[in-house]
file target-v5.txt (compact mmCIF, N, CA and C atoms)
# COMPACT_ATOMS: atom_id res chain seq x y z
N MET C 1 17.41 4.17 76.40
CA MET C 1 18.41 5.05 75.85
C MET C 1 19.80 4.47 76.07
N GLN C 2 20.68 4.76 75.14
CA GLN C 2 22.05 4.28 75.25
C GLN C 2 23.01 5.47 75.25
N PHE C 3 24.02 5.35 76.11
CA PHE C 3 25.08 6.34 76.16
C PHE C 3 26.41 5.61 76.06
N SER C 4 27.40 6.27 75.52
CA SER C 4 28.74 5.69 75.48
C SER C 4 29.75 6.81 75.69
N TRP C 5 30.96 6.41 76.05
CA TRP C 5 32.02 7.38 76.30
C TRP C 5 32.52 7.93 74.97
N ASN C 6 32.53 9.24 74.85
CA ASN C 6 33.01 9.90 73.65
C ASN C 6 34.37 10.50 73.97
N LYS C 7 35.44 9.95 73.39
CA LYS C 7 36.81 10.41 73.68
C LYS C 7 37.02 11.85 73.26
N GLU C 8 36.46 12.25 72.11
CA GLU C 8 36.65 13.61 71.62
C GLU C 8 36.01 14.65 72.54
N LEU C 9 34.82 14.32 73.07
CA LEU C 9 34.12 15.25 73.96
C LEU C 9 34.60 15.11 75.41
N GLY C 10 35.21 13.97 75.71
CA GLY C 10 35.65 13.72 77.08
C GLY C 10 34.51 13.49 78.05
N MET C 11 33.39 12.96 77.54
CA MET C 11 32.23 12.69 78.39
C MET C 11 31.31 11.69 77.70
N HIS C 12 30.33 11.22 78.43
CA HIS C 12 29.35 10.32 77.84
C HIS C 12 28.45 11.11 76.90
N SER C 13 28.03 10.45 75.83
CA SER C 13 27.10 11.11 74.91
C SER C 13 26.03 10.11 74.48
N TYR C 14 24.90 10.65 74.10
CA TYR C 14 23.74 9.85 73.67
C TYR C 14 24.06 9.18 72.34
N CYS C 15 23.73 7.88 72.23
CA CYS C 15 23.99 7.19 70.97
C CYS C 15 22.79 6.38 70.50
N GLY C 16 21.60 6.77 70.90
CA GLY C 16 20.39 6.11 70.40
C GLY C 16 19.69 5.28 71.45
N GLU C 17 18.73 4.50 70.99
CA GLU C 17 17.95 3.64 71.89
C GLU C 17 18.10 2.19 71.48
N LYS C 18 18.02 1.31 72.46
CA LYS C 18 18.08 -0.13 72.18
C LYS C 18 16.77 -0.54 71.51
N THR C 19 16.88 -1.52 70.64
CA THR C 19 15.68 -2.04 70.00
C THR C 19 14.92 -2.91 70.99
N ARG C 20 13.69 -3.14 70.69
CA ARG C 20 12.84 -3.99 71.54
C ARG C 20 13.43 -5.39 71.65
N GLU C 21 14.01 -5.90 70.56
CA GLU C 21 14.61 -7.24 70.57
C GLU C 21 15.81 -7.29 71.52
N GLU C 22 16.63 -6.24 71.51
CA GLU C 22 17.79 -6.20 72.41
C GLU C 22 17.34 -6.20 73.87
N LYS C 23 16.28 -5.45 74.15
CA LYS C 23 15.76 -5.38 75.53
C LYS C 23 15.25 -6.75 75.98
N LYS C 24 14.51 -7.43 75.09
CA LYS C 24 13.97 -8.75 75.44
C LYS C 24 15.10 -9.76 75.64
N LYS C 25 16.11 -9.71 74.78
CA LYS C 25 17.23 -10.65 74.88
C LYS C 25 17.97 -10.44 76.20
N ARG C 26 18.18 -9.18 76.59
CA ARG C 26 18.86 -8.88 77.84
C ARG C 26 18.03 -9.39 79.02
N LYS C 27 16.71 -9.14 78.98
CA LYS C 27 15.82 -9.60 80.03
C LYS C 27 15.88 -11.12 80.16
N GLU C 28 15.88 -11.80 79.01
CA GLU C 28 15.93 -13.26 79.03
C GLU C 28 17.24 -13.75 79.65
N LYS C 29 18.37 -13.13 79.30
CA LYS C 29 19.66 -13.53 79.86
C LYS C 29 19.68 -13.33 81.37
N VAL C 30 19.19 -12.18 81.83
CA VAL C 30 19.16 -11.89 83.26
C VAL C 30 18.31 -12.94 83.99
N LEU C 31 17.16 -13.27 83.44
CA LEU C 31 16.26 -14.22 84.10
C LEU C 31 16.79 -15.66 84.04
N ILE C 32 17.51 -16.00 82.99
CA ILE C 32 18.14 -17.33 82.92
C ILE C 32 19.18 -17.45 84.03
N HIS C 33 20.01 -16.43 84.17
CA HIS C 33 21.04 -16.47 85.22
C HIS C 33 20.41 -16.48 86.61
N LEU C 34 19.32 -15.74 86.76
CA LEU C 34 18.61 -15.72 88.04
C LEU C 34 18.08 -17.12 88.37
N ALA C 35 17.44 -17.77 87.39
CA ALA C 35 16.90 -19.12 87.61
C ALA C 35 18.01 -20.10 87.93
N GLU C 36 19.11 -20.00 87.21
CA GLU C 36 20.25 -20.89 87.50
C GLU C 36 20.74 -20.69 88.92
N ASP C 37 20.78 -19.44 89.36
CA ASP C 37 21.22 -19.13 90.72
C ASP C 37 20.25 -19.71 91.76
N ILE C 38 18.96 -19.49 91.55
CA ILE C 38 17.94 -19.99 92.48
C ILE C 38 17.99 -21.52 92.56
N PHE C 39 18.06 -22.17 91.41
CA PHE C 39 18.02 -23.63 91.39
C PHE C 39 19.37 -24.28 91.68
N SER C 40 20.41 -23.49 91.83
CA SER C 40 21.68 -24.06 92.28
C SER C 40 21.62 -24.32 93.79
N GLN C 41 20.71 -23.64 94.46
CA GLN C 41 20.53 -23.78 95.90
C GLN C 41 19.58 -24.93 96.25
N GLN C 42 18.62 -25.20 95.36
CA GLN C 42 17.60 -26.23 95.60
C GLN C 42 17.10 -26.76 94.26
N ASN C 43 16.57 -27.96 94.26
CA ASN C 43 16.13 -28.59 93.01
C ASN C 43 14.75 -28.16 92.56
N HIS C 44 13.88 -27.82 93.50
CA HIS C 44 12.52 -27.42 93.15
C HIS C 44 12.01 -26.37 94.14
N VAL C 45 11.11 -25.51 93.65
CA VAL C 45 10.51 -24.47 94.50
C VAL C 45 9.04 -24.30 94.14
N THR C 46 8.27 -23.82 95.08
CA THR C 46 6.87 -23.52 94.81
C THR C 46 6.79 -22.17 94.11
N TYR C 47 5.63 -21.87 93.56
CA TYR C 47 5.41 -20.59 92.88
C TYR C 47 5.65 -19.43 93.85
N ILE C 48 5.12 -19.54 95.05
CA ILE C 48 5.25 -18.48 96.06
C ILE C 48 6.73 -18.27 96.42
N GLU C 49 7.44 -19.36 96.65
CA GLU C 49 8.87 -19.26 96.98
C GLU C 49 9.65 -18.62 95.83
N LEU C 50 9.31 -19.01 94.61
CA LEU C 50 9.99 -18.47 93.44
C LEU C 50 9.75 -16.97 93.32
N CYS C 51 8.51 -16.55 93.47
CA CYS C 51 8.19 -15.11 93.41
C CYS C 51 8.92 -14.35 94.51
N ASP C 52 8.95 -14.90 95.71
CA ASP C 52 9.66 -14.26 96.82
C ASP C 52 11.15 -14.10 96.51
N GLN C 53 11.75 -15.15 95.98
CA GLN C 53 13.19 -15.08 95.67
C GLN C 53 13.47 -14.09 94.55
N VAL C 54 12.62 -14.05 93.54
CA VAL C 54 12.80 -13.07 92.45
C VAL C 54 12.69 -11.66 93.02
N GLN C 55 11.69 -11.43 93.88
CA GLN C 55 11.53 -10.12 94.51
C GLN C 55 12.78 -9.73 95.27
N ASN C 56 13.28 -10.63 96.07
CA ASN C 56 14.43 -10.33 96.91
C ASN C 56 15.72 -10.15 96.12
N LEU C 57 15.96 -11.03 95.17
CA LEU C 57 17.22 -11.00 94.42
C LEU C 57 17.29 -9.84 93.43
N LEU C 58 16.15 -9.47 92.84
CA LEU C 58 16.16 -8.38 91.86
C LEU C 58 15.63 -7.06 92.44
N ASP C 59 15.20 -7.11 93.70
CA ASP C 59 14.65 -5.92 94.36
C ASP C 59 13.52 -5.30 93.54
N VAL C 60 12.52 -6.14 93.23
CA VAL C 60 11.35 -5.69 92.48
C VAL C 60 10.09 -5.95 93.30
N LYS C 61 9.01 -5.35 92.88
CA LYS C 61 7.72 -5.53 93.55
C LYS C 61 7.12 -6.88 93.17
N GLU C 62 6.11 -7.30 93.94
CA GLU C 62 5.46 -8.59 93.73
C GLU C 62 4.91 -8.74 92.31
N ARG C 63 4.28 -7.71 91.82
CA ARG C 63 3.68 -7.76 90.48
C ARG C 63 4.75 -8.01 89.40
N THR C 64 5.88 -7.34 89.52
CA THR C 64 6.98 -7.51 88.57
C THR C 64 7.56 -8.91 88.69
N ALA C 65 7.71 -9.40 89.91
CA ALA C 65 8.24 -10.74 90.13
C ALA C 65 7.35 -11.78 89.46
N LYS C 66 6.04 -11.63 89.60
CA LYS C 66 5.10 -12.56 88.98
C LYS C 66 5.21 -12.50 87.46
N SER C 67 5.39 -11.30 86.93
CA SER C 67 5.57 -11.13 85.49
C SER C 67 6.84 -11.83 85.02
N TYR C 68 7.92 -11.73 85.79
CA TYR C 68 9.18 -12.40 85.45
C TYR C 68 9.03 -13.91 85.49
N VAL C 69 8.31 -14.42 86.48
CA VAL C 69 8.08 -15.87 86.59
C VAL C 69 7.28 -16.34 85.37
N ARG C 70 6.26 -15.59 84.99
CA ARG C 70 5.47 -15.93 83.80
C ARG C 70 6.36 -15.95 82.55
N PHE C 71 7.23 -14.95 82.42
CA PHE C 71 8.16 -14.87 81.29
C PHE C 71 9.07 -16.09 81.27
N MET C 72 9.61 -16.48 82.45
CA MET C 72 10.49 -17.64 82.52
C MET C 72 9.75 -18.91 82.13
N ARG C 73 8.48 -19.03 82.51
CA ARG C 73 7.68 -20.21 82.13
C ARG C 73 7.46 -20.23 80.63
N GLU C 74 7.11 -19.08 80.04
CA GLU C 74 6.85 -19.01 78.60
C GLU C 74 8.09 -19.36 77.79
N LYS C 75 9.26 -18.99 78.28
CA LYS C 75 10.51 -19.24 77.57
C LYS C 75 11.09 -20.63 77.88
N GLY C 76 10.46 -21.36 78.80
CA GLY C 76 10.94 -22.69 79.15
C GLY C 76 12.14 -22.68 80.08
N VAL C 77 12.43 -21.52 80.67
CA VAL C 77 13.54 -21.42 81.62
C VAL C 77 13.22 -22.25 82.85
N ILE C 78 11.96 -22.19 83.27
CA ILE C 78 11.47 -23.03 84.38
C ILE C 78 10.26 -23.80 83.86
N ILE C 79 10.06 -24.99 84.42
CA ILE C 79 8.91 -25.80 84.05
C ILE C 79 8.30 -26.42 85.31
N LYS C 80 7.05 -26.86 85.17
CA LYS C 80 6.42 -27.58 86.27
C LYS C 80 7.11 -28.92 86.44
N ASP C 81 7.33 -29.32 87.68
CA ASP C 81 7.92 -30.63 87.96
C ASP C 81 6.92 -31.71 87.56
N PRO C 82 7.29 -32.59 86.64
CA PRO C 82 6.33 -33.62 86.19
C PRO C 82 5.91 -34.58 87.31
N THR C 83 6.72 -34.72 88.34
CA THR C 83 6.38 -35.63 89.43
C THR C 83 5.53 -34.96 90.51
N ASN C 84 5.52 -33.61 90.54
CA ASN C 84 4.72 -32.88 91.52
C ASN C 84 4.40 -31.51 90.95
N GLN C 85 3.17 -31.32 90.50
CA GLN C 85 2.76 -30.08 89.84
C GLN C 85 2.76 -28.85 90.75
N ASN C 86 3.00 -29.03 92.05
CA ASN C 86 3.07 -27.89 92.97
C ASN C 86 4.44 -27.22 92.94
N TYR C 87 5.40 -27.83 92.25
CA TYR C 87 6.76 -27.31 92.23
C TYR C 87 7.22 -26.96 90.82
N PHE C 88 8.17 -26.04 90.77
CA PHE C 88 8.85 -25.71 89.53
C PHE C 88 10.27 -26.23 89.59
N ILE C 89 10.79 -26.60 88.43
CA ILE C 89 12.18 -27.03 88.31
C ILE C 89 12.81 -26.24 87.15
N LEU C 90 14.11 -26.30 87.06
CA LEU C 90 14.83 -25.63 85.99
C LEU C 90 14.57 -26.36 84.67
N GLY C 91 14.24 -25.60 83.63
CA GLY C 91 14.00 -26.18 82.31
C GLY C 91 15.32 -26.48 81.61
N GLN C 92 15.23 -26.99 80.41
CA GLN C 92 16.41 -27.27 79.60
C GLN C 92 16.85 -25.97 78.94
N LEU C 93 17.99 -25.45 79.38
CA LEU C 93 18.46 -24.15 78.88
C LEU C 93 19.51 -24.32 77.80
N ASN C 94 19.46 -23.43 76.87
CA ASN C 94 20.47 -23.37 75.80
C ASN C 94 21.26 -22.09 75.94
N SER C 95 21.79 -21.83 77.13
CA SER C 95 22.50 -20.56 77.35
C SER C 95 23.97 -20.69 77.06
call {"tool": "encode", "arguments": {"input": "target-v5.txt", "output": "structure tokens"}}
result
Amino acid sequence: MQFSWNKELGMHSYCGEKTREEKKKRKEKVLIHLAEDIFSQQNHVTYIELCDQVQNLLDVKERTAKSYVRFMREKGVIIKDPTNQNYFILGQLNS
């Protein structure tokens, strides 16, 4: 749902719902920035470390963190390190 400030009413009012595409785009932007933040601290991380950091930084449960990591892999935000398949590295981003 979306709300915005209505000057005439002097309060927030309902203005519809975001489309599914808008929600996905926002999610992608948030996860790109998250990955950039995580990988600014280190060059590579294991799957477990990545899930832990996503959980801590976004304050989400383990299941949600794993879903976010899967989403980042599907979008190419993170990729497997070609020199060591046990690690993930930051993908080529077009942000």
call {"tool": "atom_distance", "arguments": {"input": "target-v5.txt", "atom1": "atom C of Glu17 in chain C", "atom2": "atom C of Gln2 in chain C"}}
result
7.0 Å
call {"tool": "residues_around", "arguments": {"input": "target-v5.txt", "residues": "Cys15 in chain C", "least_positions_apart": "4", "cutoff": "10 Å", "atoms": "only C-alpha atoms", "output": "PyMOL selection string"}}
result
chain C and resi 1-6
call {"tool": "residues_around", "arguments": {"input": "target-v5.txt", "residues": "Phe88 in chain C", "least_positions_apart": "2", "cutoff": "5 Å", "atoms": "all atoms listed in the file", "output": "number ranges by chain"}}
result
C: 44-46, 79-81, 86, 90
call {"tool": "residues_near_point", "arguments": {"input": "target-v5.txt", "point": "(9.8, -16.8, 79.8)", "cutoff": "12 Å", "atoms": "only C-alpha atoms", "output": "VMD selection string"}}
result
chain C and resid 24 to 25 27 to 32 35 66 to 79 90 to 91 93
call {"tool": "atom_distance", "arguments": {"input": "target-v5.txt", "atom1": "atom N of Ile89 in chain C", "atom2": "CA of Asn43 in chain C"}}
result
7.3 Å
call {"tool": "residues_near_point", "arguments": {"input": "target-v5.txt", "point": "(18.2, -15.1, 95.1)", "cutoff": "7 Å", "atoms": "only C-alpha atoms", "output": "ChimeraX atom specification"}}
result
/C:37-38,53-54,56-57
call {"tool": "write_last_selection", "arguments": {"input": "target-v5.txt", "atoms": "N, CA and C atoms", "output": "compact mmCIF listing (two decimals), in the frame of the given file"}}
result
# COMPACT_ATOMS: atom_id res chain seq x y z
N ASP C 37 20.78 -19.44 89.36
CA ASP C 37 21.22 -19.13 90.72
C ASP C 37 20.25 -19.71 91.76
N ILE C 38 18.96 -19.49 91.55
CA ILE C 38 17.94 -19.99 92.48
C ILE C 38 17.99 -21.52 92.56
N GLN C 53 11.75 -15.15 95.98
CA GLN C 53 13.19 -15.08 95.67
C GLN C 53 13.47 -14.09 94.55
N VAL C 54 12.62 -14.05 93.54
CA VAL C 54 12.80 -13.07 92.45
C VAL C 54 12.69 -11.66 93.02
N ASN C 56 13.28 -10.63 96.07
CA ASN C 56 14.43 -10.33 96.91
C ASN C 56 15.72 -10.15 96.12
N LEU C 57 15.96 -11.03 95.17
CA LEU C 57 17.22 -11.00 94.42
C LEU C 57 17.29 -9.84 93.43
call {"tool": "select_by_dssp", "arguments": {"input": "target-v5.txt", "residues": "chain C", "states": "alpha helix (DSSP H)", "output": "MDAnalysis selection string"}}
result
chainID C and resid 20:41 47:58 62:74
call {"tool": "atom_distance", "arguments": {"input": "target-v5.txt", "atom1": "atom C of Leu50 in chain C", "atom2": "atom N of Lys23 in chain C"}}
result
23.3 Å
call {"tool": "closest_residue", "arguments": {"input": "target-v5.txt", "among": "C:Gln85, C:Ala65, C:Leu58, C:Glu8", "to": "His33 in chain C", "atoms": "only C-alpha atoms"}}
result
C:Leu58
call {"tool": "select_by_dssp", "arguments": {"input": "target-v5.txt", "residues": "range 15-81 of chain C", "states": "strand (DSSP E)", "output": "PDB file with N, CA and C atoms, in the frame of the given file"}}
result
ATOM      1  N   ILE C  78      11.960 -22.190  83.270  1.00  0.00           N
ATOM      2  CA  ILE C  78      11.470 -23.030  84.380  1.00  0.00           C
ATOM      3  C   ILE C  78      10.260 -23.800  83.860  1.00  0.00           C
ATOM      4  N   ILE C  79      10.060 -24.990  84.420  1.00  0.00           N
ATOM      5  CA  ILE C  79       8.910 -25.800  84.050  1.00  0.00           C
ATOM      6  C   ILE C  79       8.300 -26.420  85.310  1.00  0.00           C
ATOM      7  N   LYS C  80       7.050 -26.860  85.170  1.00  0.00           N
ATOM      8  CA  LYS C  80       6.420 -27.580  86.270  1.00  0.00           C
ATOM      9  C   LYS C  80       7.110 -28.920  86.440  1.00  0.00           C
ATOM     10  N   ASP C  81       7.330 -29.320  87.680  1.00  0.00           N
ATOM     11  CA  ASP C  81       7.920 -30.630  87.960  1.00  0.00           C
ATOM     12  C   ASP C  81       6.920 -31.710  87.560  1.00  0.00           C
TER      13      ASP C  81
END
